[in-house]
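Structure data (mmCIF, C-alpha atoms and all ligand atoms) from work-v6.cif:
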```
data_protein
#
loop_
_atom_site.label_atom_id
_atom_site.label_comp_id
_atom_site.auth_asym_id
_atom_site.auth_seq_id
_atom_site.Cartn_x
_atom_site.Cartn_y
_atom_site.Cartn_z
CA MET A 3 181.05 98.24 24.68
CA LYS A 4 180.95 101.28 26.93
CA ASP A 5 180.96 104.80 25.60
CA TYR A 6 182.81 106.71 28.30
CA VAL A 7 182.32 110.05 26.59
CA GLU A 8 178.57 109.56 26.73
CA LEU A 9 178.60 108.22 30.30
CA PHE A 10 180.70 111.16 31.43
CA ASN A 11 178.57 113.75 29.60
CA ALA A 12 175.36 112.36 31.06
CA SER A 13 176.72 112.32 34.60
CA TYR A 14 178.26 115.80 34.18
CA ARG A 15 174.84 117.09 33.11
CA ARG A 16 173.13 115.48 36.10
CA VAL A 17 175.49 116.97 38.66
CA LEU A 18 176.52 120.28 37.07
CA GLU A 19 173.96 121.42 34.51
CA PHE A 20 170.51 120.18 35.39
CA ASN A 21 170.95 120.07 39.12
CA ASP A 22 169.29 122.59 41.43
CA GLU A 23 171.79 121.43 44.02
CA LYS A 24 174.76 122.42 41.85
CA LYS A 25 176.04 124.86 44.45
CA LYS A 26 175.87 122.13 47.07
CA PHE A 27 177.85 119.85 44.78
CA LEU A 28 180.65 122.43 44.52
CA ASP A 29 180.55 123.15 48.28
CA ARG A 30 180.70 119.46 49.02
CA PHE A 31 183.63 118.92 46.66
CA TYR A 32 185.78 121.41 48.60
CA GLU A 33 184.65 119.92 51.92
CA VAL A 34 185.75 116.44 50.79
CA PHE A 35 188.99 117.75 49.22
CA PHE A 36 190.00 119.79 52.31
CA ALA A 37 189.29 116.84 54.59
CA LYS A 38 191.88 114.71 52.75
CA SER A 39 194.77 116.54 54.41
CA GLU A 40 195.40 119.69 56.41
CA GLY A 41 197.94 120.83 53.88
CA ILE A 42 195.27 121.13 51.20
CA ALA A 43 193.10 123.64 53.07
CA ASP A 44 196.21 125.74 53.73
CA PHE A 45 196.57 126.36 50.00
CA PHE A 46 193.22 128.14 50.07
CA LYS A 47 193.73 130.20 53.25
CA HIS A 48 193.38 133.51 51.40
CA THR A 49 190.98 132.38 48.70
CA HIS A 50 187.55 133.84 48.06
CA MET A 51 185.79 130.48 48.01
CA SER A 52 182.55 131.39 46.27
CA ALA A 53 184.46 132.80 43.27
CA GLN A 54 186.69 129.73 43.40
CA LYS A 55 183.66 127.43 43.11
CA THR A 56 182.42 129.20 39.98
CA MET A 57 185.91 128.86 38.49
CA LEU A 58 185.97 125.17 39.32
CA GLN A 59 182.77 124.66 37.40
CA ASP A 60 184.17 126.55 34.39
CA SER A 61 187.41 124.64 34.59
CA LEU A 62 185.62 121.28 34.48
CA PHE A 63 184.03 122.44 31.26
CA TYR A 64 187.47 123.17 29.73
CA MET A 65 188.94 119.93 31.09
CA ARG A 66 186.10 118.12 29.33
CA ASP A 67 186.88 119.97 26.10
CA PHE A 68 190.52 118.98 26.32
CA PHE A 69 189.48 115.34 26.67
CA LEU A 70 187.00 115.55 23.77
CA TYR A 71 189.15 117.45 21.27
CA ARG A 72 192.71 116.80 22.53
CA THR A 73 193.49 120.42 21.76
CA THR A 74 194.79 122.72 24.40
CA ASN A 75 192.95 125.96 25.07
CA GLU A 76 193.93 129.27 26.63
CA TYR A 77 192.07 128.49 29.79
CA MET A 78 194.01 125.26 30.34
CA GLN A 79 197.27 127.10 29.73
CA HIS A 80 196.30 129.78 32.20
CA MET A 81 195.24 127.20 34.81
CA ALA A 82 198.45 125.24 34.44
CA LYS A 83 200.48 128.42 34.95
CA VAL A 84 198.51 129.42 38.08
CA HIS A 85 199.10 125.99 39.67
CA SER A 86 202.71 125.64 38.56
CA LYS A 87 205.84 125.80 40.66
CA SER A 88 206.31 129.46 39.78
CA GLU A 89 202.88 130.52 41.13
CA LYS A 90 200.75 128.47 43.58
CA ASN A 91 203.28 125.63 43.56
CA VAL A 92 200.74 122.77 43.71
CA PRO A 93 202.68 119.47 43.96
CA PRO A 94 201.70 117.13 41.10
CA GLU A 95 200.68 114.31 43.48
CA LEU A 96 197.81 116.42 44.84
CA TYR A 97 195.94 116.08 41.54
CA ASP A 98 195.22 112.42 42.30
CA ILE A 99 193.64 113.45 45.60
CA TRP A 100 191.73 116.16 43.74
CA LEU A 101 190.31 113.56 41.34
CA ASP A 102 189.47 111.10 44.14
CA SER A 103 187.61 113.92 45.92
CA LEU A 104 185.69 114.83 42.80
CA VAL A 105 184.68 111.22 42.14
CA GLU A 106 183.60 110.84 45.77
CA THR A 107 181.42 113.95 45.43
CA VAL A 108 179.92 112.71 42.16
CA SER A 109 179.09 109.43 43.91
CA GLU A 110 176.98 111.40 46.41
CA TYR A 111 175.19 113.60 43.86
CA ASP A 112 174.66 111.44 40.79
CA PRO A 113 171.72 109.11 41.43
CA GLU A 114 172.93 106.88 38.60
CA PHE A 115 176.47 106.60 39.93
CA ASP A 116 178.12 103.19 39.45
CA ASP A 117 181.54 101.80 38.52
CA ASP A 118 181.19 102.80 34.86
CA ILE A 119 180.32 106.37 35.78
CA GLU A 120 183.30 106.47 38.12
CA LEU A 121 185.61 105.21 35.40
CA ALA A 122 184.09 107.68 32.92
CA TRP A 123 184.98 110.64 35.18
CA ARG A 124 188.49 109.30 35.73
CA VAL A 125 189.04 108.72 32.00
CA ALA A 126 187.56 112.10 31.04
CA LEU A 127 189.66 114.15 33.46
CA SER A 128 192.93 112.25 33.04
CA PRO A 129 194.19 114.14 29.97
CA GLY A 130 193.71 117.50 31.70
CA ILE A 131 195.34 116.24 34.87
CA THR A 132 198.29 114.84 32.93
CA TYR A 133 198.63 118.24 31.29
CA MET A 134 198.53 120.13 34.61
CA LYS A 135 201.07 117.77 36.20
CA TYR A 136 203.39 117.96 33.21
CA MET A 137 203.32 121.76 33.17
CA TYR A 138 204.27 122.00 36.87
CA ASP A 139 207.84 123.06 36.19
CA LYS A 140 207.45 124.46 32.70
CA PHE A 141 206.90 128.15 33.53
C1 LIG B 201 192.84 119.42 37.55
C2 LIG B 201 192.54 119.81 38.77
C3 LIG B 201 192.29 121.25 39.12
C4 LIG B 201 191.52 122.17 38.48
C5 LIG B 201 190.67 121.95 37.24
C6 LIG B 201 191.64 123.41 39.22
C7 LIG B 201 191.01 124.60 38.88
C8 LIG B 201 191.39 125.84 39.37
C9 LIG B 201 191.01 127.10 38.81
C10 LIG B 201 190.11 127.31 37.59
C11 LIG B 201 191.59 128.08 39.53
C12 LIG B 201 191.49 129.59 39.32
C13 LIG B 201 192.63 130.05 38.42
C14 LIG B 201 192.66 131.57 38.30
O1 LIG B 201 193.13 132.22 39.23
O2 LIG B 201 192.21 132.08 37.27
C15 LIG B 201 192.34 127.42 40.57
C16 LIG B 201 193.07 128.07 41.52
C17 LIG B 201 193.73 127.44 42.54
N1 LIG B 201 193.84 126.08 42.72
FE1 LIG B 201 193.15 124.66 41.52
N2 LIG B 201 192.46 123.22 40.28
C18 LIG B 201 192.88 121.92 40.27
C19 LIG B 201 193.70 121.30 41.17
C20 LIG B 201 194.19 121.89 42.28
C21 LIG B 201 194.93 121.22 43.32
C22 LIG B 201 195.29 119.73 43.32
C23 LIG B 201 195.25 122.13 44.24
C24 LIG B 201 196.02 121.84 45.50
C25 LIG B 201 195.71 122.27 46.66
C26 LIG B 201 194.74 123.42 43.77
C27 LIG B 201 194.90 124.63 44.40
C28 LIG B 201 194.57 125.85 43.86
C29 LIG B 201 194.93 127.14 44.46
C30 LIG B 201 195.72 127.35 45.75
C31 LIG B 201 194.40 128.13 43.62
C32 LIG B 201 194.50 129.65 43.79
C33 LIG B 201 193.36 130.13 44.65
C34 LIG B 201 193.46 131.64 44.87
O3 LIG B 201 193.44 132.39 43.88
O4 LIG B 201 193.54 132.03 46.03
N3 LIG B 201 194.09 123.22 42.59
N4 LIG B 201 192.20 126.06 40.45
#
```
Could you spell out this file's structure in structure tokens?
Amino acid sequence: MKDYVELFNASYRRVLEFNDEKKKFLDRFYEVFFAKSEGIADFFKHTHMSAQKTMLQDSLFYMRDFFLYRTTNEYMQHMAKVHSKSEKNVPPELYDIWLDSLVETVSEYDPEFDDDIELAWRVALSPGITYMKYMYDKF
């Protein structure tokens, strides 16, 4: 039996908590994500990217919480509103590309990366992504 909570937590710690290269991980994520399509970079034309990277790290923490406790939090609500149709208007299908980009980046930075770790990240972030997609037109 695989414990995907444990696999995810261990990998998360390796790439985002106990990693001196944490900043590089976040830089690399945006590089991979932007390379997936020109349209994606356009969303961030006026964005202060270093602040954005810190927010991404925080948001992964709250996405993890949502997966672990299945209870929404104010941060998730705020994030969903920012991305929704009424604000940044992020089309729901871009979240799958976001997750693929994140997994690709983890594969480069987690020395223990394998299929189980990949699945653990996908399982762990799916509830938060479902939430964000669902809230697209709810504001
Ligand atoms: C579940 C996946 C995602 C997470 C966790 C996430 C996280 C965040 C966070 C924390 C913010 C800052 C919110 C604030 O202003 O307080 C943000 C802003 C933003 N995100 Fe995302 N995001 C995700 C997916 C996406 C996708 C797929 C796109 C599509 C291109 C996107 C585009 C943006 C844009 C344009 C902003 C606003 C940047 C600005 O203020 O200039 N995000 N995101």
Name the residues in contact with A:Leu104 at a cut-off of 12 Å, using only C-alpha atoms, excluding same-chain residues fewer than 4 positions from it; report them as a list in words.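 So, after excluding close chain neighbours, the residues are Tyr14, Val17, Phe27, Leu28, Asp29, Arg30, Phe31, Tyr32, Glu33, Val34, Phe35, Phe36, Lys38, Leu58, Gln59, Leu62, Tyr97, Asp98, Ile99, Trp100, Val108, Ser109, Glu110, Tyr111, Asp112, Glu120, Trp123, Arg124 and Leu127 of chain A.
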Shell of 8 Å around ligand LIG 201 (chain B) (all atoms listed in the file), written as a PyMOL selection string: chain A and resi 41-50+54+57-62+65+80-81+84-85+90+92-101+127+130-131+134
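Distances to A:Ala12 were evaluated for A:Ala126, A:Thr73, A:Ile119, A:Lys135 using all atoms listed in the file, and the minimum falls at A:Ile119.
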Which residue is closest to A:Ser88? Choose from A:Lys4, A:Ala37, A:Tyr138, A:Leu121 and count only C-alpha atoms. A:Tyr138
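Residue nearest A:Arg15, chosen from A:Lys55, A:Lys83, A:Lys140, A:Arg66 and counting only C-alpha atoms: A:Arg66.
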Nearest to A:Asn11 among A:Met51, A:Arg72, A:Asp67, A:Ser86, with distances taken over only C-alpha atoms: which residue is it?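 Result for the nearest residue to A:Asn11: A:Asp67.
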To one decimal in Å, tell me the separation between atom CA of A:Phe141 and atom CA of A:Val105. 29.2 Å
Quick one: pull the distance between atom CA of A:Asn21 and atom CA of A:Tyr133, Å, one decimal.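 Interatomic distance, atom CA of A:Asn21 to atom CA of A:Tyr133: 28.8 Å.
Of note, atom CA of A:Ser13 and atom CA of A:Glu114 are spaced 7.7 Å apart.
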Mind working out the centre and edge lengths of an axis-aligned box for stretch 69-80 of chain A, all listed atoms inside, 3 Å added to each side, rounded to one decimal in Å and written as JSON?
```
{"center_x": 192.1, "center_y": 122.6, "center_z": 26.7, "size_x": 16.3, "size_y": 20.4, "size_z": 16.9}
```
Requested file, chain A restricted to C-alpha atoms, as a tab-separated table (two decimals), in the first residue's frame:
```
chain	number	residue	atom	x	y	z
A	3	MET	CA	0.00	0.00	0.00
A	4	LYS	CA	1.20	3.50	-0.79
A	5	ASP	CA	0.66	6.41	1.52
A	6	TYR	CA	0.33	9.33	-0.87
A	7	VAL	CA	0.05	11.87	1.92
A	8	GLU	CA	3.42	10.78	3.24
A	9	LEU	CA	5.02	10.58	-0.22
A	10	PHE	CA	3.76	14.04	-1.06
A	11	ASN	CA	4.86	15.56	2.27
A	12	ALA	CA	8.35	14.11	1.95
A	13	SER	CA	8.78	15.35	-1.61
A	14	TYR	CA	7.31	18.78	-0.72
A	15	ARG	CA	9.87	19.05	2.08
A	16	ARG	CA	12.74	18.11	-0.24
A	17	VAL	CA	11.87	20.69	-2.88
A	18	LEU	CA	10.30	23.52	-0.85
A	19	GLU	CA	11.41	23.37	2.77
A	20	PHE	CA	14.84	21.85	3.08
A	21	ASN	CA	16.17	22.92	-0.25
A	22	ASP	CA	18.78	25.66	-0.61
A	23	GLU	CA	17.74	25.78	-4.24
A	24	LYS	CA	14.13	26.61	-3.36
A	25	LYS	CA	14.26	29.89	-5.25
A	26	LYS	CA	15.56	28.07	-8.30
A	27	PHE	CA	12.68	25.61	-8.02
A	28	LEU	CA	10.14	28.46	-8.11
A	29	ASP	CA	11.99	30.22	-10.97
A	30	ARG	CA	12.11	27.01	-12.91
A	31	PHE	CA	8.41	26.33	-12.38
A	32	TYR	CA	7.47	29.62	-14.07
A	33	GLU	CA	9.96	29.00	-16.87
A	34	VAL	CA	8.38	25.60	-17.59
A	35	PHE	CA	4.82	26.95	-17.21
A	36	PHE	CA	5.40	29.95	-19.53
A	37	ALA	CA	7.02	27.73	-22.14
A	38	LYS	CA	3.82	25.66	-22.44
A	39	SER	CA	2.08	28.38	-24.44
A	40	GLU	CA	2.53	32.04	-25.30
A	41	GLY	CA	-0.88	32.82	-23.87
A	42	ILE	CA	0.25	31.83	-20.39
A	43	ALA	CA	3.11	34.35	-20.17
A	44	ASP	CA	0.71	37.07	-21.33
A	45	PHE	CA	-1.32	36.63	-18.14
A	46	PHE	CA	1.73	37.72	-16.16
A	47	LYS	CA	2.80	40.68	-18.33
A	48	HIS	CA	2.33	43.18	-15.50
A	49	THR	CA	3.18	40.89	-12.60
A	50	HIS	CA	5.95	41.45	-10.10
A	51	MET	CA	7.41	37.97	-10.46
A	52	SER	CA	9.50	37.73	-7.30
A	53	ALA	CA	6.45	38.52	-5.13
A	54	GLN	CA	4.46	36.08	-7.24
A	55	LYS	CA	6.95	33.29	-6.50
A	56	THR	CA	6.64	33.80	-2.75
A	57	MET	CA	2.85	33.68	-3.11
A	58	LEU	CA	3.10	30.47	-5.09
A	59	GLN	CA	5.02	28.85	-2.29
A	60	ASP	CA	2.43	29.99	0.27
A	61	SER	CA	-0.39	28.84	-1.94
A	62	LEU	CA	1.06	25.33	-2.23
A	63	PHE	CA	1.00	25.19	1.54
A	64	TYR	CA	-2.73	26.04	1.59
A	65	MET	CA	-3.48	23.67	-1.28
A	66	ARG	CA	-1.83	20.94	0.78
A	67	ASP	CA	-3.97	21.86	3.79
A	68	PHE	CA	-7.11	21.66	1.70
A	69	PHE	CA	-6.12	18.15	0.60
A	70	LEU	CA	-5.27	17.05	4.16
A	71	TYR	CA	-8.28	18.49	5.99
A	72	ARG	CA	-10.87	18.89	3.19
A	73	THR	CA	-11.83	22.20	4.74
A	74	THR	CA	-11.70	25.37	2.76
A	75	ASN	CA	-9.68	28.28	4.10
A	76	GLU	CA	-9.74	32.02	3.52
A	77	TYR	CA	-6.64	31.88	1.41
A	78	MET	CA	-8.19	29.36	-1.00
A	79	GLN	CA	-11.31	31.49	-1.25
A	80	HIS	CA	-9.24	34.57	-1.98
A	81	MET	CA	-7.16	32.72	-4.59
A	82	ALA	CA	-10.23	31.34	-6.33
A	83	LYS	CA	-11.70	34.85	-6.53
A	84	VAL	CA	-8.48	36.35	-7.96
A	85	HIS	CA	-8.36	33.70	-10.72
A	86	SER	CA	-12.08	33.69	-11.45
A	87	LYS	CA	-13.88	35.03	-14.50
A	88	SER	CA	-14.60	38.29	-12.71
A	89	GLU	CA	-10.92	39.07	-12.01
A	90	LYS	CA	-7.95	37.47	-13.85
A	91	ASN	CA	-10.26	35.25	-15.89
A	92	VAL	CA	-8.02	32.16	-15.91
A	93	PRO	CA	-9.70	29.49	-18.08
A	94	PRO	CA	-10.22	26.27	-16.07
A	95	GLU	CA	-8.28	24.13	-18.59
A	96	LEU	CA	-5.06	26.01	-17.78
A	97	TYR	CA	-4.94	24.37	-14.34
A	98	ASP	CA	-4.04	21.03	-15.92
A	99	ILE	CA	-1.09	22.69	-17.65
A	100	TRP	CA	-0.18	24.34	-14.35
A	101	LEU	CA	-0.11	20.94	-12.63
A	102	ASP	CA	1.88	19.30	-15.45
A	103	SER	CA	4.42	22.14	-15.18
A	104	LEU	CA	4.69	21.73	-11.44
A	105	VAL	CA	5.19	17.96	-11.69
A	106	GLU	CA	7.83	18.48	-14.40
A	107	THR	CA	9.67	20.90	-12.11
A	108	VAL	CA	9.46	18.51	-9.16
A	109	SER	CA	10.93	15.80	-11.40
A	110	GLU	CA	14.00	18.00	-11.91
A	111	TYR	CA	14.46	19.00	-8.26
A	112	ASP	CA	13.45	15.97	-6.21
A	113	PRO	CA	16.30	13.44	-6.28
A	114	GLU	CA	13.86	10.74	-5.20
A	115	PHE	CA	11.32	11.50	-7.93
A	116	ASP	CA	9.56	8.46	-9.40
A	117	ASP	CA	6.06	7.49	-10.56
A	118	ASP	CA	4.71	7.29	-7.01
A	119	ILE	CA	5.99	10.76	-6.18
A	120	GLU	CA	4.44	12.08	-9.38
A	121	LEU	CA	1.10	10.52	-8.52
A	122	ALA	CA	1.36	11.82	-4.95
A	123	TRP	CA	1.69	15.43	-6.20
A	124	ARG	CA	-1.20	14.96	-8.62
A	125	VAL	CA	-3.43	13.43	-5.94
A	126	ALA	CA	-2.48	16.05	-3.34
A	127	LEU	CA	-3.17	19.06	-5.56
A	128	SER	CA	-6.30	17.74	-7.26
A	129	PRO	CA	-8.79	18.84	-4.58
A	130	GLY	CA	-7.48	22.43	-4.67
A	131	ILE	CA	-7.49	22.46	-8.44
A	132	THR	CA	-11.04	21.11	-8.57
A	133	TYR	CA	-12.02	23.89	-6.18
A	134	MET	CA	-10.34	26.61	-8.26
A	135	LYS	CA	-11.92	25.32	-11.49
A	136	TYR	CA	-15.35	25.04	-9.91
A	137	MET	CA	-15.21	28.58	-8.54
A	138	TYR	CA	-14.33	30.06	-11.96
A	139	ASP	CA	-17.78	31.50	-12.56
A	140	LYS	CA	-19.02	31.72	-8.99
A	141	PHE	CA	-18.06	35.33	-8.18
```
